[in-house]
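Chemist: Enclosed is the structure file entry.cif (mmCIF, C-alpha atoms and all ligand atoms).
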data_query
#
loop_
_atom_site.label_atom_id
_atom_site.label_comp_id
_atom_site.auth_asym_id
_atom_site.auth_seq_id
_atom_site.Cartn_x
_atom_site.Cartn_y
_atom_site.Cartn_z
CA MET F 1 35.07 -11.08 10.02
CA THR F 2 34.89 -7.58 11.43
CA ILE F 3 33.98 -6.94 15.03
CA SER F 4 30.50 -5.47 15.22
CA ALA F 5 27.66 -5.04 17.64
CA PRO F 6 25.51 -8.17 17.99
CA LEU F 7 22.66 -8.28 15.51
CA SER F 8 19.56 -6.83 17.16
CA PRO F 9 16.86 -9.52 17.19
CA HIS F 10 14.36 -7.05 15.70
CA THR F 11 16.19 -6.00 12.55
CA PRO F 12 15.10 -7.29 9.15
CA ALA F 13 18.49 -9.01 8.86
CA ALA F 14 17.94 -10.98 12.05
CA LEU F 15 14.35 -11.83 11.17
CA TYR F 16 14.93 -12.78 7.54
CA PRO F 17 15.89 -16.49 7.95
CA ALA F 18 12.64 -17.28 9.77
CA HIS F 19 10.72 -15.33 7.13
CA LEU F 20 12.34 -17.35 4.37
CA SER F 21 11.41 -20.60 6.13
CA VAL F 22 7.78 -19.52 6.24
CA LEU F 23 7.84 -18.69 2.53
CA GLN F 24 9.41 -22.05 1.73
CA GLU F 25 6.69 -23.87 3.65
CA ARG F 26 4.03 -21.88 1.87
CA ALA F 27 5.63 -22.52 -1.51
CA ALA F 28 5.80 -26.28 -0.86
CA GLU F 29 2.11 -26.42 -0.03
CA ALA F 30 1.13 -24.17 -2.96
CA LEU F 31 3.09 -26.40 -5.35
CA ARG F 32 1.55 -29.53 -3.88
CA ARG F 33 -1.91 -28.10 -4.47
CA GLY F 34 -1.10 -27.13 -8.02
CA GLY F 35 0.70 -30.38 -8.83
CA PHE F 36 4.05 -28.72 -9.66
CA ASP F 37 7.63 -29.22 -8.50
CA HIS F 38 9.11 -25.76 -8.93
CA LEU F 39 8.02 -22.21 -8.35
CA VAL F 40 9.59 -20.06 -11.05
CA ILE F 41 9.27 -16.31 -10.73
CA PRO F 42 10.57 -13.78 -13.26
CA SER F 43 11.33 -10.36 -11.79
CA GLY F 44 9.71 -8.75 -14.85
CA THR F 45 10.94 -6.76 -17.80
CA LEU F 46 10.81 -3.15 -18.95
CA HIS F 47 7.66 -1.84 -20.62
CA TYR F 48 7.89 0.61 -23.49
CA GLN F 49 5.61 3.47 -24.48
CA ALA F 50 3.66 2.94 -27.69
CA PHE F 51 5.59 3.89 -30.84
CA ASP F 52 8.50 5.06 -28.70
CA ASP F 53 11.74 3.77 -27.24
CA ARG F 54 11.03 5.26 -23.82
CA ASP F 55 10.46 2.78 -21.02
CA TYR F 56 7.98 3.19 -18.18
CA PRO F 57 9.37 3.11 -14.64
CA TYR F 58 10.22 -0.51 -13.90
CA ALA F 59 7.93 -2.22 -11.40
CA VAL F 60 9.17 -5.53 -10.03
CA ASN F 61 6.85 -8.54 -9.99
CA PRO F 62 5.39 -8.58 -6.43
CA GLN F 63 5.71 -12.39 -6.36
CA PHE F 64 9.45 -11.85 -6.85
CA LYS F 65 10.02 -9.19 -4.22
CA ALA F 66 8.07 -11.32 -1.74
CA TRP F 67 11.22 -13.48 -1.51
CA LEU F 68 13.96 -10.90 -1.30
CA PRO F 69 14.21 -7.12 -1.04
CA LEU F 70 15.45 -6.76 -4.59
CA THR F 71 13.33 -4.27 -6.50
CA GLN F 72 15.58 -3.13 -9.35
CA ALA F 73 16.71 -6.23 -11.20
CA PRO F 74 14.70 -6.70 -14.42
CA GLY F 75 15.29 -9.92 -16.33
CA SER F 76 16.19 -11.96 -13.23
CA TRP F 77 14.48 -15.17 -12.10
CA LEU F 78 13.84 -17.08 -8.88
CA VAL F 79 13.54 -20.84 -8.74
CA ILE F 80 12.07 -22.31 -5.58
CA THR F 81 12.17 -26.08 -5.22
CA PRO F 82 11.01 -27.66 -1.94
CA GLY F 83 13.90 -29.16 -0.03
CA LYS F 84 16.52 -27.15 -1.93
CA ARG F 85 18.13 -23.77 -1.46
CA PRO F 86 16.32 -21.10 -3.46
CA ALA F 87 18.11 -20.09 -6.65
CA LEU F 88 18.45 -16.56 -7.98
CA ILE F 89 19.34 -16.14 -11.64
CA PHE F 90 20.63 -12.60 -11.62
CA LEU F 91 20.81 -10.60 -14.84
CA GLN F 92 23.79 -8.30 -14.89
CA PRO F 93 24.06 -7.34 -18.55
CA HIS F 94 27.18 -6.03 -20.24
CA ASP F 95 25.76 -2.58 -20.90
CA TYR F 96 27.39 0.84 -20.98
CA TRP F 97 24.14 2.74 -21.70
CA HIS F 98 22.42 2.01 -18.42
CA ALA F 99 23.39 1.42 -14.83
CA VAL F 100 23.80 -2.31 -14.33
CA PRO F 101 22.29 -3.76 -11.11
CA ALA F 102 25.11 -4.22 -8.62
CA MET F 103 25.83 -7.66 -7.23
CA PRO F 104 23.73 -7.78 -4.05
CA ARG F 105 25.66 -8.06 -0.78
CA ASP F 106 22.75 -7.90 1.64
CA TYR F 107 21.87 -10.15 4.56
CA TRP F 108 19.70 -12.37 2.36
CA VAL F 109 22.40 -13.27 -0.17
CA GLU F 110 23.82 -16.18 1.83
CA HIS F 111 20.48 -17.98 1.61
CA PHE F 112 20.43 -18.13 -2.20
CA ASP F 113 22.41 -19.91 -4.86
CA ILE F 114 23.12 -17.00 -7.17
CA THR F 115 24.05 -17.39 -10.83
CA VAL F 116 24.92 -14.29 -12.82
CA ILE F 117 23.78 -14.13 -16.44
CA ARG F 118 24.76 -11.52 -19.01
CA THR F 119 21.81 -11.75 -21.40
CA PRO F 120 18.12 -12.38 -20.57
CA GLU F 121 18.05 -15.48 -22.80
CA GLU F 122 20.69 -17.25 -20.72
CA ALA F 123 18.10 -17.76 -17.99
CA ALA F 124 16.28 -20.42 -20.02
CA ARG F 125 19.06 -23.02 -19.78
CA LEU F 126 19.17 -22.60 -15.98
CA LEU F 127 15.44 -23.16 -15.39
CA PRO F 128 14.00 -26.59 -14.50
CA PRO F 129 11.91 -28.61 -17.01
CA VAL F 130 9.09 -26.32 -17.98
CA PHE F 131 6.20 -28.78 -17.58
CA ARG F 132 6.97 -29.09 -13.83
CA CYS F 133 6.97 -25.34 -13.22
CA ALA F 134 4.40 -23.00 -11.78
CA ILE F 135 5.56 -19.76 -13.40
CA LEU F 136 4.23 -16.63 -11.73
CA GLY F 137 4.47 -13.46 -13.75
CA GLU F 138 3.05 -11.27 -16.47
CA PRO F 139 2.80 -12.50 -20.08
CA GLN F 140 5.59 -10.17 -21.15
CA SER F 141 8.07 -12.07 -18.98
CA ALA F 142 7.77 -15.17 -21.21
CA LEU F 143 11.14 -16.55 -22.22
CA GLY F 144 10.88 -19.20 -24.95
CA SER F 145 8.72 -21.99 -23.60
CA TYR F 146 8.80 -20.46 -20.12
CA VAL F 147 5.46 -18.72 -20.40
CA PRO F 148 3.89 -17.65 -17.10
CA ASN F 149 1.02 -20.06 -16.41
CA ASN F 150 -0.03 -18.50 -13.09
CA PRO F 151 -1.84 -21.62 -11.82
CA GLU F 152 -4.90 -20.61 -9.82
CA PRO F 153 -4.42 -23.03 -6.88
CA VAL F 154 -0.83 -21.83 -6.45
CA LEU F 155 -1.66 -18.14 -6.64
CA GLN F 156 -4.72 -18.49 -4.43
CA TYR F 157 -2.69 -20.18 -1.74
CA LEU F 158 0.24 -17.76 -1.81
CA ASP F 159 -1.89 -14.63 -2.08
CA TYR F 160 -4.21 -15.67 0.73
CA HIS F 161 -1.33 -16.34 3.11
CA ARG F 162 0.52 -13.19 2.13
CA ALA F 163 -2.01 -11.34 4.29
CA PHE F 164 -0.27 -12.82 7.35
CA LYS F 165 2.96 -10.90 7.69
CA THR F 166 6.01 -12.48 9.26
CA PRO F 167 7.92 -10.53 11.94
CA TYR F 168 10.44 -9.68 9.19
CA GLU F 169 7.69 -8.13 7.11
CA VAL F 170 6.37 -6.12 10.04
CA ALA F 171 9.91 -4.80 10.56
CA MET F 172 10.07 -3.81 6.88
CA LEU F 173 6.68 -2.10 7.08
CA ARG F 174 7.75 -0.29 10.24
CA GLN F 175 10.73 1.11 8.38
CA ALA F 176 8.54 2.16 5.44
CA SER F 177 6.31 3.98 7.94
CA ARG F 178 9.26 5.76 9.54
CA ILE F 179 10.42 7.08 6.19
CA GLY F 180 6.89 8.16 5.29
CA VAL F 181 6.43 9.96 8.59
CA ARG F 182 9.74 11.79 8.23
CA ALA F 183 8.54 13.02 4.84
CA HIS F 184 5.08 13.91 6.15
CA ARG F 185 6.67 16.15 8.76
CA ALA F 186 8.70 17.93 6.11
CA ALA F 187 5.57 18.31 3.98
CA GLU F 188 3.65 19.85 6.89
CA ARG F 189 6.45 22.36 7.42
CA ALA F 190 6.38 23.26 3.72
CA PHE F 191 2.60 23.71 3.89
CA ARG F 192 2.84 25.99 6.93
CA ALA F 193 5.54 28.00 5.12
CA GLY F 194 3.12 28.60 2.25
CA ALA F 195 4.49 26.23 -0.41
CA SER F 196 2.49 25.11 -3.45
CA GLU F 197 1.33 21.53 -3.98
CA PHE F 198 4.34 21.03 -6.20
CA GLY F 199 6.68 22.53 -3.62
CA ILE F 200 5.23 20.36 -0.86
CA HIS F 201 5.68 17.32 -3.11
CA LEU F 202 9.36 18.18 -3.61
CA ALA F 203 9.84 18.70 0.12
CA TYR F 204 8.24 15.31 0.70
CA CYS F 205 10.42 13.53 -1.85
CA GLN F 206 13.55 15.20 -0.52
CA ALA F 207 12.84 14.13 3.06
CA ALA F 208 11.90 10.59 2.01
CA GLY F 209 14.89 10.31 -0.30
CA GLN F 210 12.44 8.88 -2.82
CA ASP F 211 10.89 10.16 -6.01
CA ALA F 212 7.94 9.15 -8.15
CA ASN F 213 9.73 5.98 -9.31
CA ASP F 214 10.44 4.83 -5.76
CA LEU F 215 7.26 5.80 -3.92
CA PRO F 216 4.63 3.08 -3.50
CA TYR F 217 1.97 5.28 -5.16
CA GLY F 218 1.66 8.75 -6.59
CA ASN F 219 1.60 11.39 -3.86
CA ILE F 220 -1.80 12.95 -3.22
CA ILE F 221 -1.14 16.53 -2.12
CA ALA F 222 -4.32 18.54 -2.16
CA LEU F 223 -4.67 22.13 -0.97
CA ASN F 224 -8.08 23.64 -0.19
CA GLU F 225 -10.95 22.26 -2.31
CA HIS F 226 -8.65 19.88 -4.16
CA ALA F 227 -8.98 17.62 -1.12
CA ALA F 228 -12.49 16.78 -2.35
CA VAL F 229 -10.90 14.74 -5.15
CA LEU F 230 -10.13 11.43 -3.44
CA HIS F 231 -7.07 10.62 -5.55
CA TYR F 232 -5.98 14.10 -6.56
CA THR F 233 -2.58 13.75 -8.23
CA LEU F 234 -2.24 17.05 -10.09
CA ARG F 235 0.20 19.46 -8.51
CA ASP F 236 -0.39 23.17 -8.85
CA ARG F 237 2.83 25.12 -9.21
CA LEU F 238 1.49 28.11 -7.27
CA PRO F 239 -0.09 28.13 -3.81
CA PRO F 240 -3.78 29.12 -3.66
CA LYS F 241 -4.86 32.34 -1.95
CA PRO F 242 -6.02 32.07 0.72
CA LEU F 243 -4.38 28.86 1.84
CA ARG F 244 -6.86 27.00 4.05
CA SER F 245 -6.04 23.32 4.31
CA ILE F 246 -4.01 20.39 3.12
CA LEU F 247 -4.84 16.73 2.68
CA ILE F 248 -1.67 14.74 2.06
CA ASP F 249 -1.87 11.02 1.31
CA ALA F 250 1.65 9.79 0.69
CA GLY F 251 3.69 6.75 1.56
CA ALA F 252 7.21 5.44 1.27
CA SER F 253 8.89 2.23 0.18
CA PHE F 254 11.39 0.09 2.01
CA GLY F 255 12.84 -3.03 0.43
CA GLY F 256 9.67 -3.48 -1.61
CA TYR F 257 7.24 -2.85 1.25
CA ALA F 258 4.89 0.14 1.35
CA SER F 259 3.49 2.59 3.84
CA ASP F 260 0.27 4.50 3.17
CA ILE F 261 -0.28 7.56 5.35
CA THR F 262 -2.76 10.44 5.22
CA ARG F 263 -2.89 13.58 7.29
CA THR F 264 -5.09 16.66 7.06
CA TYR F 265 -4.20 20.06 8.50
CA SER F 266 -6.00 23.36 8.68
CA ALA F 267 -3.93 26.51 8.20
CA GLN F 268 -5.73 28.10 11.14
CA GLU F 269 -7.45 27.24 14.39
CA ASP F 270 -11.03 27.17 13.08
CA ASP F 271 -14.10 24.93 12.76
CA PHE F 272 -12.33 22.82 10.17
CA ALA F 273 -9.45 22.21 12.58
CA ALA F 274 -12.02 21.09 15.16
CA MET F 275 -13.56 18.69 12.66
CA ILE F 276 -10.10 17.26 11.88
CA ARG F 277 -9.68 16.54 15.59
CA ALA F 278 -13.09 14.85 15.68
CA VAL F 279 -12.21 12.62 12.70
CA ASP F 280 -8.87 11.89 14.34
CA ALA F 281 -10.65 10.68 17.49
CA VAL F 282 -12.92 8.47 15.39
CA GLN F 283 -9.92 7.14 13.51
CA LEU F 284 -8.17 6.15 16.74
CA ARG F 285 -11.26 4.29 17.94
CA LEU F 286 -11.40 2.39 14.66
CA CYS F 287 -7.69 1.56 14.82
CA ASP F 288 -8.34 -0.01 18.20
CA GLN F 289 -10.76 -2.41 16.50
CA VAL F 290 -7.94 -3.98 14.51
CA ARG F 291 -8.01 -7.13 16.61
CA ALA F 292 -7.98 -10.84 15.91
CA GLY F 293 -11.45 -12.17 15.16
CA THR F 294 -12.93 -8.84 14.07
CA ASP F 295 -14.71 -8.81 10.72
CA TYR F 296 -13.08 -5.93 8.83
CA ARG F 297 -16.45 -5.16 7.24
CA GLN F 298 -17.76 -4.30 10.69
CA ILE F 299 -15.03 -1.68 11.14
CA HIS F 300 -16.19 -0.12 7.88
CA LEU F 301 -19.83 -0.08 8.99
CA ASP F 302 -18.89 1.28 12.43
CA ALA F 303 -16.92 4.03 10.68
CA HIS F 304 -20.09 5.19 8.95
CA LEU F 305 -21.91 5.53 12.24
CA LEU F 306 -19.04 7.32 13.98
CA LEU F 307 -18.49 9.70 11.06
CA ALA F 308 -22.21 10.41 10.89
CA GLY F 309 -21.81 11.41 14.54
CA VAL F 310 -19.12 13.90 13.54
CA LEU F 311 -21.34 15.23 10.74
CA HIS F 312 -24.15 15.69 13.23
CA GLU F 313 -21.99 17.37 15.87
CA SER F 314 -20.48 19.68 13.25
CA GLY F 315 -23.96 20.75 12.21
CA LEU F 316 -23.67 19.34 8.70
CA ILE F 317 -26.60 16.98 8.98
CA THR F 318 -29.84 17.52 10.81
CA VAL F 319 -30.80 13.86 11.31
CA ALA F 320 -29.51 11.40 13.90
CA PRO F 321 -26.37 9.41 12.97
CA GLU F 322 -28.28 6.09 12.77
CA GLU F 323 -30.75 7.60 10.33
CA ALA F 324 -27.97 9.19 8.27
CA VAL F 325 -26.36 5.77 7.84
CA ALA F 326 -29.63 3.96 7.11
CA ARG F 327 -30.64 6.49 4.42
CA GLY F 328 -27.23 6.51 2.72
CA ILE F 329 -26.45 10.09 3.73
CA SER F 330 -23.14 9.18 5.38
CA SER F 331 -22.00 7.63 2.08
CA ALA F 332 -22.20 11.01 0.35
CA PHE F 333 -19.61 12.36 2.81
CA PHE F 334 -17.59 9.14 3.24
CA PRO F 335 -17.68 7.52 -0.20
CA HIS F 336 -14.76 5.07 0.03
CA GLY F 337 -13.80 2.02 2.02
CA ILE F 338 -12.34 2.23 5.53
CA GLY F 339 -9.11 0.72 4.22
CA HIS F 340 -7.31 -2.30 2.86
CA GLY F 341 -4.52 -4.73 3.48
CA ILE F 342 -1.02 -3.37 2.94
CA GLY F 343 2.36 -5.01 2.44
CA LEU F 344 4.31 -5.57 -0.75
CA GLN F 345 1.54 -3.73 -2.55
CA VAL F 346 -0.13 -0.66 -1.16
CA HIS F 347 -3.47 -2.33 -1.88
CA ASP F 348 -2.47 -5.83 -0.94
CA VAL F 349 -3.78 -8.91 -2.74
CA ALA F 350 -6.53 -11.31 -1.65
CA GLY F 351 -8.65 -8.75 0.21
CA PHE F 352 -11.82 -10.73 -0.50
CA ALA F 353 -10.41 -14.26 -0.30
CA ALA F 354 -12.65 -16.64 1.65
CA SER F 355 -9.95 -19.29 1.93
CA ASP F 356 -6.57 -20.33 0.55
CA ALA F 357 -8.39 -22.48 -2.00
CA GLY F 358 -10.73 -19.89 -3.47
CA GLY F 359 -14.07 -18.26 -2.73
CA THR F 360 -15.00 -14.65 -2.15
CA ILE F 361 -16.29 -12.81 0.89
CA ALA F 362 -18.91 -10.32 -0.29
CA LYS F 363 -18.80 -6.62 0.42
CA PRO F 364 -21.61 -5.27 2.58
CA GLU F 365 -24.50 -4.23 0.37
CA GLY F 366 -24.26 -0.59 -0.68
CA HIS F 367 -20.50 -0.42 -0.02
CA PRO F 368 -18.89 -1.15 -3.40
CA TYR F 369 -15.51 0.44 -2.66
CA LEU F 370 -14.45 -1.61 0.34
CA ARG F 371 -11.25 -3.50 -0.58
CA LEU F 372 -11.01 -5.89 2.35
CA THR F 373 -13.75 -8.17 3.68
CA ARG F 374 -11.73 -10.76 5.60
CA THR F 375 -11.77 -11.45 9.32
CA LEU F 376 -8.67 -10.06 10.99
CA ALA F 377 -6.03 -12.37 12.38
CA PRO F 378 -2.59 -11.88 13.94
CA GLY F 379 -0.04 -10.74 11.36
CA MET F 380 -2.50 -8.92 9.14
CA VAL F 381 -1.60 -5.31 8.44
CA VAL F 382 -4.34 -2.96 7.33
CA THR F 383 -4.96 0.70 6.82
CA ILE F 384 -7.64 2.59 8.71
CA GLU F 385 -8.58 5.70 6.77
CA PRO F 386 -11.89 7.37 7.58
CA GLY F 387 -12.73 10.64 5.88
CA ILE F 388 -15.30 13.36 5.40
CA TYR F 389 -15.41 15.19 2.07
CA PHE F 390 -17.44 17.88 0.38
CA ILE F 391 -17.87 16.51 -3.14
CA ASP F 392 -20.26 18.39 -5.42
CA MET F 393 -21.16 15.35 -7.50
CA LEU F 394 -22.22 13.30 -4.47
CA LEU F 395 -23.98 16.16 -2.73
CA ASP F 396 -25.94 16.84 -5.94
CA GLU F 397 -26.92 13.17 -6.05
CA LEU F 398 -28.08 13.37 -2.47
CA GLN F 399 -30.39 16.23 -3.38
CA ALA F 400 -31.59 14.47 -6.52
CA LYS F 401 -32.56 11.48 -4.35
CA GLY F 402 -34.71 13.77 -2.22
CA LEU F 403 -32.41 13.57 0.81
CA GLY F 404 -31.45 17.24 0.78
CA ASP F 405 -33.61 18.04 3.81
CA ALA F 406 -31.23 16.06 6.03
CA VAL F 407 -28.35 18.42 5.26
CA ASP F 408 -27.57 21.94 6.46
CA TRP F 409 -26.45 23.42 3.14
CA GLU F 410 -25.13 26.65 4.63
CA ARG F 411 -22.84 24.63 6.84
CA VAL F 412 -21.76 22.56 3.82
CA ALA F 413 -21.00 25.77 1.93
CA ALA F 414 -18.82 26.94 4.83
CA PHE F 415 -16.73 23.73 4.76
CA LYS F 416 -16.56 23.22 1.00
CA PRO F 417 -13.53 25.51 0.49
CA TYR F 418 -11.49 23.11 2.68
CA GLY F 419 -12.21 20.12 0.43
CA GLY F 420 -12.17 17.31 2.94
CA ILE F 421 -10.46 15.31 5.65
CA ARG F 422 -8.80 11.90 5.61
CA ILE F 423 -6.62 10.41 8.32
CA GLU F 424 -4.90 7.14 7.55
CA ASP F 425 -2.64 4.87 9.58
CA ASP F 426 -1.12 1.44 8.97
CA VAL F 427 -2.05 -0.94 11.78
CA VAL F 428 -0.80 -4.43 12.67
CA CYS F 429 -3.26 -6.97 14.06
CA THR F 430 -1.66 -9.03 16.83
CA GLU F 431 -2.77 -11.61 19.43
CA ASP F 432 -3.29 -8.64 21.68
CA ALA F 433 -3.56 -4.86 21.25
CA PRO F 434 -2.97 -3.52 17.74
CA ILE F 435 0.34 -1.92 16.79
CA ASN F 436 -0.14 1.37 14.97
CA LEU F 437 2.99 1.72 12.84
CA THR F 438 2.11 5.25 11.76
CA ARG F 439 1.40 6.70 15.21
CA GLU F 440 4.45 4.90 16.57
CA ALA F 441 6.60 6.61 13.92
CA PHE F 442 5.06 10.05 14.57
CA ALA F 443 5.66 9.60 18.30
CA GLU F 444 9.27 8.64 17.64
CA ALA F 445 9.94 11.53 15.26
N1 LIG F 501 -3.24 6.03 -1.07
C1 LIG F 501 -4.35 5.31 -1.55
C2 LIG F 501 -5.14 4.75 -0.47
O1 LIG F 501 -5.15 5.29 0.60
O2 LIG F 501 -5.72 3.72 -0.57
MN MN F 502 -4.95 3.49 1.83
MN MN F 503 -3.58 6.49 1.30
#
The structure in this file should be written as structure tokens.
Ligand code: GLY
Ligand code: MN
Ligand code: MN

Modeler:
Amino acid sequence: MTISAPLSPHTPAALYPAHLSVLQERAAEALRRGGFDHLVIPSGTLHYQAFDDRDYPYAVNPQFKAWLPLTQAPGSWLVITPGKRPALIFLQPHDYWHAVPAMPRDYWVEHFDITVIRTPEEAARLLPPVFRCAILGEPQSALGSYVPNNPEPVLQYLDYHRAFKTPYEVAMLRQASRIGVRAHRAAERAFRAGASEFGIHLAYCQAAGQDANDLPYGNIIALNEHAAVLHYTLRDRLPPKPLRSILIDAGASFGGYASDITRTYSAQEDDFAAMIRAVDAVQLRLCDQVRAGTDYRQIHLDAHLLLAGVLHESGLITVAPEEAVARGISSAFFPHGIGHGIGLQVHDVAGFAASDAGGTIAKPEGHPYLRLTRTLAPGMVVTIEPGIYFIDMLLDELQAKGLGDAVDWERVAAFKPYGGIRIEDDVVCTEDAPINLTREAFAEA
């Protein structure tokens, strides 16, 4: 053993054993509910393009990476049996065409019984009797009689509880936020230096040390009016003239966990910059509502009222904020949900789950795009991402509905060339005040 500094109690390595215990308890209960003895989880296999031998970027089964930060090991399997050490069947093929996954040496390895296999088929003889197995995966992962059966009671239980992050998971998410923030700062510098969307994307990837295959979702880098497209993922190779604004929604991955961060900047000190500051103030107020016992739907509804206030103060609407919300005018400017759970998946699972045994919590009427309706509890991690956009399609609809008199169209025309604003942070709900992972990382940087 080498002499090293004592393990900090806050590192993923130090927190992992307790995390694994929680997962084992959850797995035991999920199996009990489903009437199975073993949880069997394939890591997933490569997908190929139609009529071609080109594979799509490999995406690990989220149920697999929930157990260990291993995201590049297709053809491997996990076997979880209550009361036993978890088993990892690790595919390390004899292959000189492709890079073979290296034998893991991380902090988690000592907690698993690891068996190396050389062909995918070898896994079958190492798996427990199939009729006792809950097999969680996609159909393509089937291996002989080991066909994923994805039992509802098992999935419902695991997915519901995955909303409650362990301290290990919060540490992983914190690291994903730090990497994302480092890249956001590089992207802002590239924007201020006059780079194109493509150039800003490259600056982002360089600073993150991640490319399209690693990032948790495709970077949204929108200059000027492109920001009015909520998920704009084209990348112009030349910068627009004049360059007015940027909306950048981009995250980073760390050991299978995601960050999801949006910032908007104006190229100059102008009315748009002032509106960004106003949305930022609203966003901070909403982040402060990420507290145990709060119905997340209420944060969404409060966002409408606060953003309608910004619209009013900026001279975009002529009616009071309450009226703008009641008549659906705020929805034309803020047409998406206030956020979602985040973790192993950027849009985490079970956002509408009423319990760990099924049921759905409805979205508020008239708000079809909200992705999370649960009541917040310690350990939940959510995004808070209010926005104001100038979207022709929605503004046209507003007029068609006879609501055009509530809008100052000259003011809209003045803001339209900037596209829109979104500000998004990742926030941890605790017993006490929320922890804003994104702001924390910006403050640190
Ligand atoms: N990046 C997608 C989202 O914010 O939900
Ligand atoms: Mn988001
Ligand atoms: Mn986002």

Chemist: Choose the residue, out of F:Asp260, F:Asp214, F:Glu197, F:Asp396, that has the smallest atom-to-atom separation from F:Leu238; count only C-alpha atoms.

Modeler: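 The answer is F:Glu197, which sits nearest to F:Leu238.
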
Chemist: Please extract the residues at most 7 Å from ligand MN 502 (chain F), counting all atoms listed in the file, and provide them as JSON, numbers by chain, using the chain letters and residue numbers of this document.

Modeler: {"F": [260, 339, 340, 383, 385, 424]}

Chemist: Could those residues be written to a file, using C-alpha atoms, as a short mmCIF file (atom, residue, chain, number, x, y, z; two decimals), in the coordinates of the input?

Modeler:
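File part-v5.cif, as written:
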data_model
loop_
_atom_site.label_atom_id
_atom_site.label_comp_id
_atom_site.auth_asym_id
_atom_site.auth_seq_id
_atom_site.Cartn_x
_atom_site.Cartn_y
_atom_site.Cartn_z
CA ASP F 260 0.27 4.50 3.17
CA GLY F 339 -9.11 0.72 4.22
CA HIS F 340 -7.31 -2.30 2.86
CA THR F 383 -4.96 0.70 6.82
CA GLU F 385 -8.58 5.70 6.77
CA GLU F 424 -4.90 7.14 7.55
#

Chemist: Rank F:Ala227, F:Leu372, F:Ala13, F:Val346 by their smallest atom-to-atom distance to F:Pro167, using all atoms listed in the file, and report the top residue only.

Modeler: F:Ala13

Chemist: Nearest residue to F:Gly180 out of F:Asn213, F:Thr438, F:Thr45, F:Thr119, using all atoms listed in the file?

Modeler: F:Thr438

Chemist: Could the residues that lie within 9 Å of ligand MN 503 (chain F), counting only C-alpha atoms and all ligand atoms, be listed as an MDAnalysis selection string?

Modeler: chainID F and resid 217 219:220 231 248:251 259:262 339 346 383 385 422:425

Chemist: Between F:Ala99, F:Ile80, F:Cys133, F:Leu127, which residue has the minimum interatomic distance to F:Phe36, considering only C-alpha atoms?

Modeler: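 Of F:Ala99, F:Ile80, F:Cys133, F:Leu127, the one nearest F:Phe36, counting only C-alpha atoms, is F:Cys133.
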
Chemist: With all atoms listed in the file as the atoms that count, which of F:Leu223, F:Val382, F:Ala362, F:Leu20 lies nearest to ligand LIG 501 (chain F)?

Modeler: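 Nearest candidate to ligand LIG 501 (chain F) out of F:Leu223, F:Val382, F:Ala362, F:Leu20: F:Val382.
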
Chemist: Taking 4 positions as the minimum chain separation for residues in the same chain, which residues sit within 9 Å of F:Thr373 when counting all atoms listed in the file? Answer as a ChimeraX atom specification.

Modeler: /F:295-298,340,351-354,360-364

Chemist: Neighbours of F:Leu70 within 12 Å (all atoms listed in the file; same-chain residues fewer than 4 positions away dropped), as a ChimeraX atom specification?

Modeler: /F:43-44,59-66,74,76-78,88,90,101-109,254-257,344

Chemist: Between F:Ile246, F:Gln72, F:Arg285, F:Glu138, which residue has the minimum interatomic distance to F:Tyr232, considering all atoms listed in the file?

Modeler: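 Of F:Ile246, F:Gln72, F:Arg285, F:Glu138, the one nearest F:Tyr232 is F:Ile246, counting all atoms listed in the file.
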
Chemist: Just how far from atom CA of F:Arg371 is atom CA of F:Pro148, in Å to one decimal?

Modeler: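 Atom CA of F:Arg371 lies at a distance of 26.5 Å from atom CA of F:Pro148.
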